[in-house]
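*Asks:* run.txt is reproduced below (compact mmCIF, C-alpha atoms).
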```
# COMPACT_ATOMS: atom_id res chain seq x y z
CA MET I 1 2.75 42.52 -27.60
CA ARG I 2 1.33 44.98 -30.13
CA GLN I 3 3.45 48.02 -31.03
CA GLU I 4 0.81 50.27 -29.48
CA VAL I 5 1.91 48.98 -26.07
CA TYR I 6 5.49 50.12 -26.63
CA GLU I 7 4.41 53.44 -28.10
CA LYS I 8 2.33 54.17 -24.99
CA ARG I 9 5.32 53.29 -22.81
CA ARG I 10 7.47 55.76 -24.74
CA GLU I 11 4.76 58.41 -24.33
CA ARG I 12 4.87 57.86 -20.56
CA ALA I 13 8.67 58.11 -20.66
CA TYR I 14 8.47 61.43 -22.54
CA GLN I 15 6.04 62.70 -19.90
CA TYR I 16 8.30 61.68 -17.00
CA LEU I 17 11.28 63.34 -18.69
CA ARG I 18 9.36 66.59 -19.23
CA GLU I 19 8.19 66.56 -15.61
CA ASN I 20 11.86 66.41 -14.62
CA GLN I 21 12.85 69.07 -17.19
CA ILE I 22 15.05 66.64 -19.11
CA PRO I 23 14.78 67.30 -22.87
CA LYS I 24 16.53 64.13 -24.03
CA ALA I 25 17.58 60.83 -22.51
CA LEU I 26 20.03 58.13 -23.56
CA VAL I 27 18.97 54.59 -22.60
CA GLY I 28 21.35 51.66 -23.03
CA GLN I 29 20.25 48.69 -20.94
CA SER I 30 18.95 45.98 -23.27
CA LEU I 31 15.93 45.21 -21.10
CA THR I 32 14.88 48.86 -20.90
CA MET I 33 15.31 49.16 -24.67
CA TYR I 34 13.09 46.10 -25.10
CA TYR I 35 10.55 47.54 -22.66
CA LEU I 36 10.31 50.70 -24.78
CA THR I 37 10.52 49.21 -28.30
CA GLY I 38 9.81 45.47 -28.30
CA ALA I 39 13.24 44.80 -29.85
CA MET I 40 15.56 42.57 -27.79
CA LEU I 41 19.16 43.48 -28.59
CA HIS I 42 22.46 42.32 -27.08
CA PRO I 43 25.30 44.85 -27.32
CA TYR I 44 28.21 42.43 -26.81
CA ASP I 45 31.20 44.76 -27.31
CA ARG I 46 29.39 47.41 -29.40
CA PHE I 47 27.48 50.50 -28.34
CA LEU I 48 23.68 50.40 -28.42
CA GLY I 49 21.43 53.19 -27.26
CA LEU I 50 17.99 54.72 -27.50
CA VAL I 51 17.67 58.50 -27.63
CA LEU I 52 14.32 59.72 -26.31
CA ASP I 53 13.43 63.26 -27.36
CA ALA I 54 10.83 64.37 -24.83
CA GLU I 55 10.03 67.65 -26.60
CA LYS I 56 9.46 66.20 -30.06
CA GLU I 57 8.23 62.85 -28.69
CA GLU I 58 10.58 61.00 -31.01
CA CYS I 59 12.77 57.98 -30.40
CA SER I 60 15.97 57.05 -32.24
CA ALA I 61 18.09 53.92 -31.93
CA ILE I 62 21.85 54.26 -32.29
CA ILE I 63 22.96 50.88 -33.54
CA PRO I 64 25.93 49.17 -35.25
CA GLY I 65 25.51 47.92 -38.82
CA VAL I 66 25.10 44.33 -37.63
CA ASN I 67 21.76 45.35 -36.08
CA LEU I 68 20.42 47.07 -39.20
CA ASN I 69 16.61 46.99 -39.46
CA CYS I 70 16.22 45.82 -35.85
CA MET I 71 13.54 48.50 -35.39
CA SER I 72 11.58 47.41 -38.44
CA GLY I 73 7.86 47.57 -37.77
CA THR I 74 8.23 50.33 -35.15
CA THR I 75 8.21 54.12 -35.34
CA VAL I 76 11.76 54.22 -33.92
CA LYS I 77 14.30 55.82 -36.26
CA GLU I 78 17.58 53.94 -36.79
CA ILE I 79 20.87 55.83 -36.74
CA VAL I 80 23.45 53.33 -37.96
CA TYR I 81 27.22 53.45 -37.51
CA ASN I 82 29.90 51.10 -38.78
CA ASP I 83 32.68 49.46 -36.81
CA SER I 84 35.48 51.54 -38.27
CA GLU I 85 34.02 54.92 -37.31
CA GLY I 86 32.32 53.99 -34.03
CA PRO I 87 29.22 55.60 -32.54
CA ILE I 88 30.47 59.14 -31.78
CA LYS I 89 29.16 60.70 -35.02
CA ALA I 90 25.82 59.02 -34.55
CA LEU I 91 25.62 60.33 -30.99
CA VAL I 92 26.47 63.86 -32.13
CA SER I 93 23.78 63.64 -34.80
CA ALA I 94 21.13 62.52 -32.30
CA LEU I 95 22.12 64.83 -29.42
CA GLU I 96 23.30 68.02 -31.13
CA GLY I 97 22.01 71.11 -29.36
CA CYS I 98 20.79 69.19 -26.31
CA PRO I 99 21.22 71.40 -23.18
CA LEU I 100 20.84 68.51 -20.69
CA LEU I 101 21.03 64.76 -21.23
CA GLY I 102 19.46 62.10 -19.06
CA VAL I 103 21.62 58.95 -18.87
CA GLU I 104 21.19 55.49 -17.33
CA MET I 105 24.29 55.92 -15.16
CA ASN I 106 23.84 52.55 -13.44
CA TYR I 107 24.22 50.83 -16.79
CA PHE I 108 26.78 52.61 -18.94
CA SER I 109 30.44 51.71 -18.40
CA MET I 110 33.27 54.17 -17.81
CA ARG I 111 34.24 53.65 -21.46
CA ILE I 112 30.82 54.83 -22.60
CA GLY I 113 30.93 57.60 -20.01
CA ASN I 114 34.14 58.87 -21.55
CA LEU I 115 32.48 58.73 -24.95
CA ILE I 116 29.51 60.76 -23.73
CA SER I 117 31.81 63.29 -22.05
CA LYS I 118 33.26 64.15 -25.48
CA LEU I 119 29.85 65.61 -26.40
CA ASN I 120 30.26 68.34 -23.73
CA ILE I 121 26.64 68.04 -22.64
CA PRO I 122 25.68 68.18 -18.95
CA VAL I 123 24.21 64.85 -17.82
CA VAL I 124 21.77 63.74 -15.13
CA ASP I 125 20.91 60.22 -14.00
CA VAL I 126 17.54 58.88 -15.23
CA THR I 127 17.98 55.30 -14.01
CA ASP I 128 15.21 55.64 -11.44
CA ILE I 129 12.69 56.91 -14.01
CA PHE I 130 12.91 53.69 -15.99
CA LYS I 131 13.14 51.53 -12.88
CA LYS I 132 9.85 53.05 -11.70
CA MET I 133 8.20 52.46 -15.07
CA ARG I 134 9.24 48.81 -15.19
CA MET I 135 8.36 48.21 -11.54
CA ILE I 136 4.61 48.56 -12.16
CA LYS I 137 3.50 45.74 -14.47
CA ASP I 138 0.51 45.94 -16.78
CA GLU I 139 -1.91 43.03 -17.22
CA LYS I 140 -0.06 41.59 -20.22
CA GLU I 141 3.23 41.57 -18.33
CA ILE I 142 1.57 39.91 -15.33
CA ASP I 143 0.04 37.28 -17.62
CA LEU I 144 3.49 36.48 -19.03
CA ILE I 145 5.02 36.16 -15.55
CA ILE I 146 2.17 33.86 -14.51
CA LYS I 147 2.75 31.78 -17.65
CA ALA I 148 6.46 31.56 -16.79
CA SER I 149 5.50 30.35 -13.32
CA GLU I 150 3.17 27.72 -14.77
CA CYS I 151 5.98 26.48 -17.05
CA ALA I 152 8.27 26.30 -14.01
CA ASN I 153 5.83 24.14 -12.09
CA ILE I 154 5.40 21.80 -15.05
CA ALA I 155 9.17 21.44 -15.46
CA LEU I 156 9.56 20.77 -11.74
CA ALA I 157 6.84 18.10 -11.74
CA LYS I 158 8.67 16.28 -14.54
CA LEU I 159 11.82 16.30 -12.42
CA MET I 160 10.28 14.30 -9.56
CA PRO I 161 11.04 10.76 -10.90
CA LEU I 162 14.75 11.63 -10.86
CA MET I 163 14.70 12.84 -7.25
CA LYS I 164 16.28 9.79 -5.63
CA GLU I 165 19.45 8.42 -4.06
CA GLY I 166 22.51 8.16 -6.30
CA VAL I 167 21.53 10.94 -8.71
CA SER I 168 23.92 13.89 -8.88
CA GLU I 169 23.05 17.54 -8.45
CA LYS I 170 24.25 18.19 -12.00
CA GLU I 171 21.97 15.48 -13.39
CA LEU I 172 19.00 17.14 -11.72
CA ALA I 173 19.99 20.55 -13.11
CA LEU I 174 20.40 19.19 -16.64
CA GLU I 175 17.05 17.42 -16.53
CA LEU I 176 15.34 20.58 -15.30
CA TYR I 177 16.98 22.62 -18.05
CA CYS I 178 15.87 20.14 -20.71
CA ASN I 179 12.33 20.15 -19.33
CA MET I 180 12.22 23.93 -19.74
CA ALA I 181 13.88 23.90 -23.16
CA LYS I 182 11.18 21.57 -24.48
CA THR I 183 8.41 23.99 -23.44
CA PRO I 184 7.19 26.31 -26.24
CA GLY I 185 7.77 29.98 -25.45
CA VAL I 186 10.39 29.33 -22.76
CA ILE I 187 13.71 31.05 -23.43
CA THR I 188 16.77 29.14 -22.20
CA GLU I 189 19.50 31.41 -23.57
CA THR I 190 20.26 32.49 -20.02
CA THR I 191 18.98 30.75 -16.92
CA CYS I 192 19.92 30.00 -13.34
CA ILE I 193 19.38 26.55 -11.84
CA GLN I 194 20.33 25.47 -8.32
CA THR I 195 19.88 21.82 -7.40
CA LEU I 196 21.78 21.50 -4.13
CA ALA I 197 21.69 18.49 -1.81
CA GLY I 198 22.71 17.88 1.80
CA PRO I 199 25.25 20.35 3.23
CA ASN I 200 25.56 22.02 -0.21
CA SER I 201 22.03 23.36 0.20
CA ALA I 202 23.30 25.56 3.05
CA ASN I 203 24.89 27.81 0.39
CA PRO I 204 22.16 30.19 -0.88
CA HIS I 205 24.07 30.81 -4.12
CA GLY I 206 25.77 27.47 -4.68
CA TRP I 207 26.20 25.68 -8.01
CA PRO I 208 25.22 22.09 -8.82
CA SER I 209 28.12 19.67 -8.43
CA ASP I 210 28.91 15.96 -8.79
CA ASN I 211 27.55 15.48 -5.26
CA LEU I 212 25.18 12.50 -5.14
CA LEU I 213 21.82 12.60 -3.37
CA LYS I 214 21.84 10.54 -0.17
CA LYS I 215 19.22 9.24 2.22
CA GLY I 216 18.20 11.95 4.68
CA ASP I 217 19.33 14.83 2.40
CA THR I 218 17.31 17.95 1.86
CA VAL I 219 17.42 19.06 -1.79
CA THR I 220 16.91 22.71 -2.62
CA VAL I 221 15.66 23.34 -6.16
CA ASP I 222 15.79 27.05 -7.02
CA PHE I 223 15.42 28.02 -10.65
CA CYS I 224 14.26 30.79 -12.95
CA THR I 225 12.01 30.37 -15.98
CA CYS I 226 11.85 32.95 -18.76
CA TYR I 227 8.72 33.00 -20.93
CA GLN I 228 8.70 35.46 -23.83
CA TYR I 229 11.33 37.53 -21.97
CA TYR I 230 9.47 37.64 -18.63
CA TRP I 231 10.79 35.76 -15.62
CA ALA I 232 9.39 33.70 -12.77
CA ASP I 233 11.51 32.49 -9.84
CA LEU I 234 10.73 29.41 -7.75
CA SER I 235 12.34 27.56 -4.84
CA ARG I 236 11.20 24.26 -3.36
CA ASN I 237 12.75 21.74 -0.97
CA PHE I 238 12.52 17.96 -1.08
CA PHE I 239 13.69 15.24 1.28
CA ILE I 240 15.35 12.02 0.21
CA GLY I 241 13.83 9.51 2.59
CA GLU I 242 13.22 10.51 6.19
CA PRO I 243 14.87 13.83 7.19
CA SER I 244 16.27 14.66 10.61
CA ASP I 245 14.00 16.28 13.19
CA GLN I 246 16.00 19.50 12.87
CA LEU I 247 15.43 19.70 9.10
CA LYS I 248 11.73 19.01 9.63
CA ASP I 249 11.59 21.84 12.16
CA ILE I 250 13.35 24.42 10.00
CA TYR I 251 11.16 23.50 7.04
CA LYS I 252 8.06 24.28 9.13
CA ILE I 253 9.62 27.54 10.34
CA VAL I 254 10.52 28.70 6.82
CA LEU I 255 7.07 27.81 5.54
CA GLU I 256 5.52 29.79 8.39
CA ALA I 257 7.78 32.75 7.57
CA ASN I 258 6.90 32.53 3.88
CA MET I 259 3.17 32.56 4.63
CA ALA I 260 3.50 35.38 7.18
CA ALA I 261 5.26 37.59 4.62
CA ILE I 262 2.68 36.81 1.94
CA ASP I 263 -0.14 37.64 4.38
CA VAL I 264 1.05 41.23 4.96
CA VAL I 265 1.44 42.17 1.28
CA LYS I 266 -0.97 44.86 0.14
CA PRO I 267 -0.80 48.29 -1.49
CA GLY I 268 0.27 51.13 0.79
CA ILE I 269 2.76 49.35 3.08
CA PRO I 270 6.54 49.81 2.94
CA ALA I 271 8.54 46.96 1.40
CA LYS I 272 10.48 46.51 4.65
CA MET I 273 7.29 45.27 6.37
CA VAL I 274 7.31 42.21 4.11
CA ASP I 275 10.88 41.42 5.11
CA GLN I 276 10.12 42.04 8.76
CA ALA I 277 7.13 39.69 8.77
CA ALA I 278 9.30 36.79 7.58
CA ARG I 279 12.27 37.76 9.73
CA ASP I 280 10.19 37.99 12.91
CA ILE I 281 9.09 34.37 12.57
CA ILE I 282 12.60 33.06 11.97
CA GLU I 283 14.06 35.15 14.81
CA LYS I 284 11.30 33.97 17.16
CA HIS I 285 12.51 30.40 16.65
CA GLY I 286 16.15 31.33 17.28
CA TYR I 287 17.45 31.17 13.70
CA GLY I 288 17.69 34.89 12.93
CA GLU I 289 21.43 34.74 12.23
CA LYS I 290 20.87 31.85 9.81
CA PHE I 291 18.56 33.92 7.58
CA LEU I 292 21.34 35.22 5.35
CA HIS I 293 19.57 37.40 2.78
CA ARG I 294 16.63 39.72 2.09
CA THR I 295 13.14 38.25 1.84
CA GLY I 296 12.56 38.97 -1.84
CA HIS I 297 13.23 40.80 -5.08
CA GLY I 298 11.24 42.01 -8.04
CA VAL I 299 10.81 39.90 -11.18
CA GLY I 300 9.87 40.95 -14.68
CA LEU I 301 12.10 41.50 -17.68
CA ASP I 302 15.00 40.79 -15.31
CA ILE I 303 15.21 38.01 -12.79
CA HIS I 304 16.38 40.42 -10.07
CA GLU I 305 14.96 43.94 -10.27
CA ASP I 306 13.09 46.45 -8.15
CA PRO I 307 11.31 46.33 -5.75
CA TYR I 308 13.49 44.62 -3.15
CA MET I 309 12.02 43.24 0.08
CA ASP I 310 14.73 44.05 2.62
CA ASP I 311 14.71 45.43 6.14
CA VAL I 312 15.42 49.06 5.19
CA ASN I 313 13.39 49.63 2.01
CA GLU I 314 10.80 52.35 2.63
CA LEU I 315 9.34 52.03 -0.86
CA ILE I 316 5.54 51.89 -0.71
CA LEU I 317 4.05 48.87 -2.42
CA GLU I 318 1.69 49.60 -5.32
CA GLU I 319 -0.76 47.58 -7.34
CA GLY I 320 1.03 45.86 -10.24
CA MET I 321 4.33 45.20 -8.45
CA VAL I 322 5.58 41.63 -8.75
CA PHE I 323 8.22 40.16 -6.45
CA THR I 324 9.39 37.02 -4.69
CA ILE I 325 8.87 35.94 -1.09
CA GLU I 326 11.79 33.62 -0.24
CA PRO I 327 12.83 33.33 3.39
CA GLY I 328 15.44 30.72 4.22
CA ILE I 329 17.44 29.11 7.02
CA TYR I 330 20.95 27.78 6.30
CA LEU I 331 22.82 25.46 8.67
CA GLU I 332 26.47 24.87 7.84
CA ASN I 333 27.39 21.19 7.35
CA ILE I 334 23.72 20.22 7.62
CA GLY I 335 21.66 21.87 4.91
CA GLY I 336 19.37 24.73 4.05
CA ILE I 337 15.68 25.35 3.45
CA ARG I 338 14.32 28.11 1.20
CA ILE I 339 10.71 28.41 0.03
CA GLU I 340 10.10 30.93 -2.73
CA ASP I 341 6.87 32.12 -4.31
CA ASP I 342 6.14 34.99 -6.71
CA VAL I 343 3.38 37.41 -5.75
CA VAL I 344 1.50 40.18 -7.56
CA VAL I 345 0.29 43.16 -5.55
CA THR I 346 -3.41 43.66 -6.29
CA LYS I 347 -6.01 46.15 -5.11
CA GLY I 348 -7.27 43.66 -2.55
CA GLY I 349 -3.87 42.31 -1.47
CA ILE I 350 -2.02 39.73 -3.55
CA ARG I 351 -2.20 37.13 -6.26
CA SER I 352 0.37 34.33 -5.99
```
Please re-express this file's structure in structure tokens.

*Replies:*
Amino acid sequence: MRQEVYEKRRERAYQYLRENQIPKALVGQSLTMYYLTGAMLHPYDRFLGLVLDAEKEECSAIIPGVNLNCMSGTTVKEIVYNDSEGPIKALVSALEGCPLLGVEMNYFSMRIGNLISKLNIPVVDVTDIFKKMRMIKDEKEIDLIIKASECANIALAKLMPLMKEGVSEKELALELYCNMAKTPGVITETTCIQTLAGPNSANPHGWPSDNLLKKGDTVTVDFCTCYQYYWADLSRNFFIGEPSDQLKDIYKIVLEANMAAIDVVKPGIPAKMVDQAARDIIEKHGYGEKFLHRTGHGVGLDIHEDPYMDDVNELILEEGMVFTIEPGIYLENIGGIRIEDDVVVTKGGIRS
């Protein structure tokens, strides 16, 4: 993206901070820093932070020497510290005279909290400000998520010849990973791949094992694809040979629930209505207790982010939100079915 995109995002952040009477904010989550600057940084064991000055509309990055020049090409000022002295002097330099500091409290550790407390500045949580900003995607972000989804579908199609008896779950996962790694623009530094067969598929968060695919198995393939730092999330189920009547039935039920949830999505409804639409279908067929999780979660710079489609979320859906619809039924010692699609809230309803 062009730097103008990030500069406009920082301008919006300054505006939100002023509206909340917060003169300065300290942002530390890598994804939020990327959202505001275009620089993807990993802190490892060192402190990284952006200081947003809402009054002067200036942004400074407090960084260790190993990240020198990471803000090159931006208007963000670098305040560099070395390992021997640590970041406290840099923080004092950037925050001196600040009467109130906004902090991403959901991100910073107790260690960093103790560091900030040494500055003797009152703090207030600004986590929700940046969550709200990232929750509404612009057209470029939506395009990148769609591209990630297209890459996922291509990688999955290439996996099909390996979907047969005698192949292990780990072999499927490795093949899927390699398919993604060979795709230009796809980032495989971190990823999550579930290829679970038979009874293992009844675990919504299981890991691929040496378990071999057998005739009659259902195979759940749930994986995330990251394209230029934006994520898509996809779940599909496959049968090895002829499945049992029960597995056929729950597949139809989950598909019905998936489509029912997608059908209700539009701007102006609470997120819990999406969850309820899927849950009503599954409960109607007597499997309510086997639907073990919420119906969906947001995707974007993170694979799990706001908004969340659960049964209590009153958040009103808005145009530009992107999230998953993934109802499931899980039967212990038999198997599970989960069907997951990503949807974009549009003025007229959805794009999936």

*Asks:* I'd like the neighbourhood of segment 135-138 of chain I as a count of residues only, where a residue qualifies if any of its atoms comes within 12 Å (using all atoms listed in the file), though same-chain residues fewer than 2 positions away should be ignored.

*Replies:* 45

*Asks:* Neighbours of segment 18-24 of chain I within 8 Å (all atoms listed in the file; same-chain residues fewer than 3 positions away dropped), as JSON, numbers by chain?

*Replies:* {"I": [14, 15, 51, 52, 53, 54, 55, 95, 98, 99, 100, 101, 102]}

*Asks:* Please, could you write that set of residues out with C-alpha atoms as a compact mmCIF listing (two decimals), in the frame of the given file?

*Replies:*
```txt
# COMPACT_ATOMS: atom_id res chain seq x y z
CA TYR I 14 8.47 61.43 -22.54
CA GLN I 15 6.04 62.70 -19.90
CA VAL I 51 17.67 58.50 -27.63
CA LEU I 52 14.32 59.72 -26.31
CA ASP I 53 13.43 63.26 -27.36
CA ALA I 54 10.83 64.37 -24.83
CA GLU I 55 10.03 67.65 -26.60
CA LEU I 95 22.12 64.83 -29.42
CA CYS I 98 20.79 69.19 -26.31
CA PRO I 99 21.22 71.40 -23.18
CA LEU I 100 20.84 68.51 -20.69
CA LEU I 101 21.03 64.76 -21.23
CA GLY I 102 19.46 62.10 -19.06
```

*Asks:* Hey, can you check how far atom CA of Gly268 of chain I sits from atom CA of Arg134 of chain I?

*Replies:*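 Going from atom CA of Gly268 of chain I over to atom CA of Arg134 of chain I covers 18.5 Å.
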
*Asks:* Which value, in Å to one decimal, gives the distance between atom CA of Met273 of chain I and atom CA of Asp222 of chain I?

*Replies:* 24.2 Å

*Asks:* At a cut-off of 9 Å, using all atoms listed in the file, what residues contact Glu171 of chain I? Leave out same-chain residues fewer than 2 positions from it and give the result as a list of chain:residue names.

*Replies:*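 Using all atoms listed in the file, the neighbours found are I:Leu162, I:Val167, I:Ser168, I:Glu169, I:Ala173, I:Leu174, I:Glu175, I:Leu176, I:Thr195, I:Pro208, I:Ser209, I:Asp210.
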
*Asks:* Write out, as a PDB file, keeping the file's coordinate frame, the residues just selected, with C-alpha atoms.

*Replies:*
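Contents of part-v4.pdb, freshly written:
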```pdb
ATOM      1  CA  LEU I 162      14.750  11.630 -10.860  1.00  0.00           C
ATOM      2  CA  VAL I 167      21.530  10.940  -8.710  1.00  0.00           C
ATOM      3  CA  SER I 168      23.920  13.890  -8.880  1.00  0.00           C
ATOM      4  CA  GLU I 169      23.050  17.540  -8.450  1.00  0.00           C
ATOM      5  CA  ALA I 173      19.990  20.550 -13.110  1.00  0.00           C
ATOM      6  CA  LEU I 174      20.400  19.190 -16.640  1.00  0.00           C
ATOM      7  CA  GLU I 175      17.050  17.420 -16.530  1.00  0.00           C
ATOM      8  CA  LEU I 176      15.340  20.580 -15.300  1.00  0.00           C
ATOM      9  CA  THR I 195      19.880  21.820  -7.400  1.00  0.00           C
ATOM     10  CA  PRO I 208      25.220  22.090  -8.820  1.00  0.00           C
ATOM     11  CA  SER I 209      28.120  19.670  -8.430  1.00  0.00           C
ATOM     12  CA  ASP I 210      28.910  15.960  -8.790  1.00  0.00           C
TER      13      ASP I 210
END
```

*Asks:* Could you tell me which of I:Glu150, I:Glu332, I:Glu96, I:Asp217 comes closest to Asn120 of chain I if we count only C-alpha atoms?

*Replies:*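 Of I:Glu150, I:Glu332, I:Glu96, I:Asp217, the one nearest Asn120 of chain I is I:Glu96, counting only C-alpha atoms.
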
*Asks:* With distances taken over all atoms listed in the file, which residue among I:Ser84, I:Ser72, I:Thr220, I:Thr127 lies nearest Leu26 of chain I?

*Replies:*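 That would be I:Thr127, the residue with the smallest distance to Leu26 of chain I.
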
*Asks:* Residues near Glu256 of chain I, anyone? I mean within 10 Å using only C-alpha atoms, not counting same-chain ones fewer than 2 positions away, as a ChimeraX atom specification.

*Replies:* /I:250-254,258-262,278,281-282,327,339

*Asks:* With only C-alpha atoms as the atoms that count, which of I:Arg46, I:Asn333, I:Arg2, I:Ile88 lies nearest to Asn114 of chain I?

*Replies:*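 Selected residue with least distance to Asn114 of chain I: I:Ile88.
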
*Asks:* Measuring between only C-alpha atoms, which one of I:Gly216, I:Pro64, I:Gly198, I:Gly73 shows the shortest distance to Thr37 of chain I?

*Replies:*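 Smallest distance to Thr37 of chain I is found for I:Gly73.
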
*Asks:* Please fill the gaps in segment 334-341 of chain I so it has all heavy atoms, and write that as a PDB file, in the frame of the given file.

*Replies:*
```pdb
ATOM      1  N   ILE I 334      24.975  20.967   7.467  1.00  0.00           N
ATOM      2  CA  ILE I 334      23.720  20.220   7.620  1.00  0.00           C
ATOM      3  C   ILE I 334      22.841  20.376   6.384  1.00  0.00           C
ATOM      4  O   ILE I 334      22.498  19.419   5.702  1.00  0.00           O
ATOM      5  CB  ILE I 334      22.953  20.677   8.887  1.00  0.00           C
ATOM      6  CG1 ILE I 334      23.774  20.354  10.141  1.00  0.00           C
ATOM      7  CG2 ILE I 334      21.578  20.002   8.953  1.00  0.00           C
ATOM      8  CD1 ILE I 334      23.178  20.907  11.420  1.00  0.00           C
ATOM      9  N   GLY I 335      22.488  21.615   6.093  1.00  0.00           N
ATOM     10  CA  GLY I 335      21.660  21.870   4.910  1.00  0.00           C
ATOM     11  C   GLY I 335      20.861  23.144   5.072  1.00  0.00           C
ATOM     12  O   GLY I 335      20.879  23.794   6.133  1.00  0.00           O
ATOM     13  N   GLY I 336      20.166  23.509   4.018  1.00  0.00           N
ATOM     14  CA  GLY I 336      19.370  24.730   4.050  1.00  0.00           C
ATOM     15  C   GLY I 336      17.970  24.501   3.515  1.00  0.00           C
ATOM     16  O   GLY I 336      17.727  23.566   2.746  1.00  0.00           O
ATOM     17  N   ILE I 337      17.058  25.380   3.922  1.00  0.00           N
ATOM     18  CA  ILE I 337      15.680  25.350   3.450  1.00  0.00           C
ATOM     19  C   ILE I 337      15.328  26.761   2.951  1.00  0.00           C
ATOM     20  O   ILE I 337      15.543  27.749   3.673  1.00  0.00           O
ATOM     21  CB  ILE I 337      14.691  24.961   4.567  1.00  0.00           C
ATOM     22  CG1 ILE I 337      15.007  23.568   5.131  1.00  0.00           C
ATOM     23  CG2 ILE I 337      13.251  25.046   4.057  1.00  0.00           C
ATOM     24  CD1 ILE I 337      14.696  22.429   4.187  1.00  0.00           C
ATOM     25  N   ARG I 338      14.819  26.836   1.732  1.00  0.00           N
ATOM     26  CA  ARG I 338      14.320  28.110   1.200  1.00  0.00           C
ATOM     27  C   ARG I 338      13.026  27.816   0.438  1.00  0.00           C
ATOM     28  O   ARG I 338      12.983  26.905  -0.394  1.00  0.00           O
ATOM     29  CB  ARG I 338      15.333  28.787   0.288  1.00  0.00           C
ATOM     30  CG  ARG I 338      14.854  30.107  -0.293  1.00  0.00           C
ATOM     31  CD  ARG I 338      15.975  30.890  -0.977  1.00  0.00           C
ATOM     32  NE  ARG I 338      16.558  30.195  -2.118  1.00  0.00           N
ATOM     33  CZ  ARG I 338      17.743  29.570  -2.097  1.00  0.00           C
ATOM     34  NH1 ARG I 338      18.447  29.524  -0.988  1.00  0.00           N
ATOM     35  NH2 ARG I 338      18.210  28.970  -3.175  1.00  0.00           N
ATOM     36  N   ILE I 339      11.984  28.570   0.718  1.00  0.00           N
ATOM     37  CA  ILE I 339      10.710  28.410   0.030  1.00  0.00           C
ATOM     38  C   ILE I 339      10.370  29.734  -0.638  1.00  0.00           C
ATOM     39  O   ILE I 339      10.237  30.757   0.049  1.00  0.00           O
ATOM     40  CB  ILE I 339       9.586  27.986   0.998  1.00  0.00           C
ATOM     41  CG1 ILE I 339       9.962  26.664   1.687  1.00  0.00           C
ATOM     42  CG2 ILE I 339       8.257  27.853   0.251  1.00  0.00           C
ATOM     43  CD1 ILE I 339       8.987  26.243   2.781  1.00  0.00           C
ATOM     44  N   GLU I 340      10.248  29.694  -1.955  1.00  0.00           N
ATOM     45  CA  GLU I 340      10.100  30.930  -2.730  1.00  0.00           C
ATOM     46  C   GLU I 340       8.847  30.886  -3.597  1.00  0.00           C
ATOM     47  O   GLU I 340       8.624  29.945  -4.355  1.00  0.00           O
ATOM     48  CB  GLU I 340      11.330  31.130  -3.619  1.00  0.00           C
ATOM     49  CG  GLU I 340      11.268  32.349  -4.505  1.00  0.00           C
ATOM     50  CD  GLU I 340      12.522  32.490  -5.358  1.00  0.00           C
ATOM     51  OE1 GLU I 340      13.215  31.468  -5.572  1.00  0.00           O
ATOM     52  OE2 GLU I 340      12.800  33.610  -5.822  1.00  0.00           O
ATOM     53  N   ASP I 341       8.053  31.939  -3.472  1.00  0.00           N
ATOM     54  CA  ASP I 341       6.870  32.120  -4.310  1.00  0.00           C
ATOM     55  C   ASP I 341       6.920  33.524  -4.924  1.00  0.00           C
ATOM     56  O   ASP I 341       7.496  34.448  -4.342  1.00  0.00           O
ATOM     57  CB  ASP I 341       5.597  31.971  -3.487  1.00  0.00           C
ATOM     58  CG  ASP I 341       5.412  30.556  -2.967  1.00  0.00           C
ATOM     59  OD1 ASP I 341       5.189  29.661  -3.792  1.00  0.00           O
ATOM     60  OD2 ASP I 341       5.502  30.339  -1.734  1.00  0.00           O
TER      61      ASP I 341
END
```
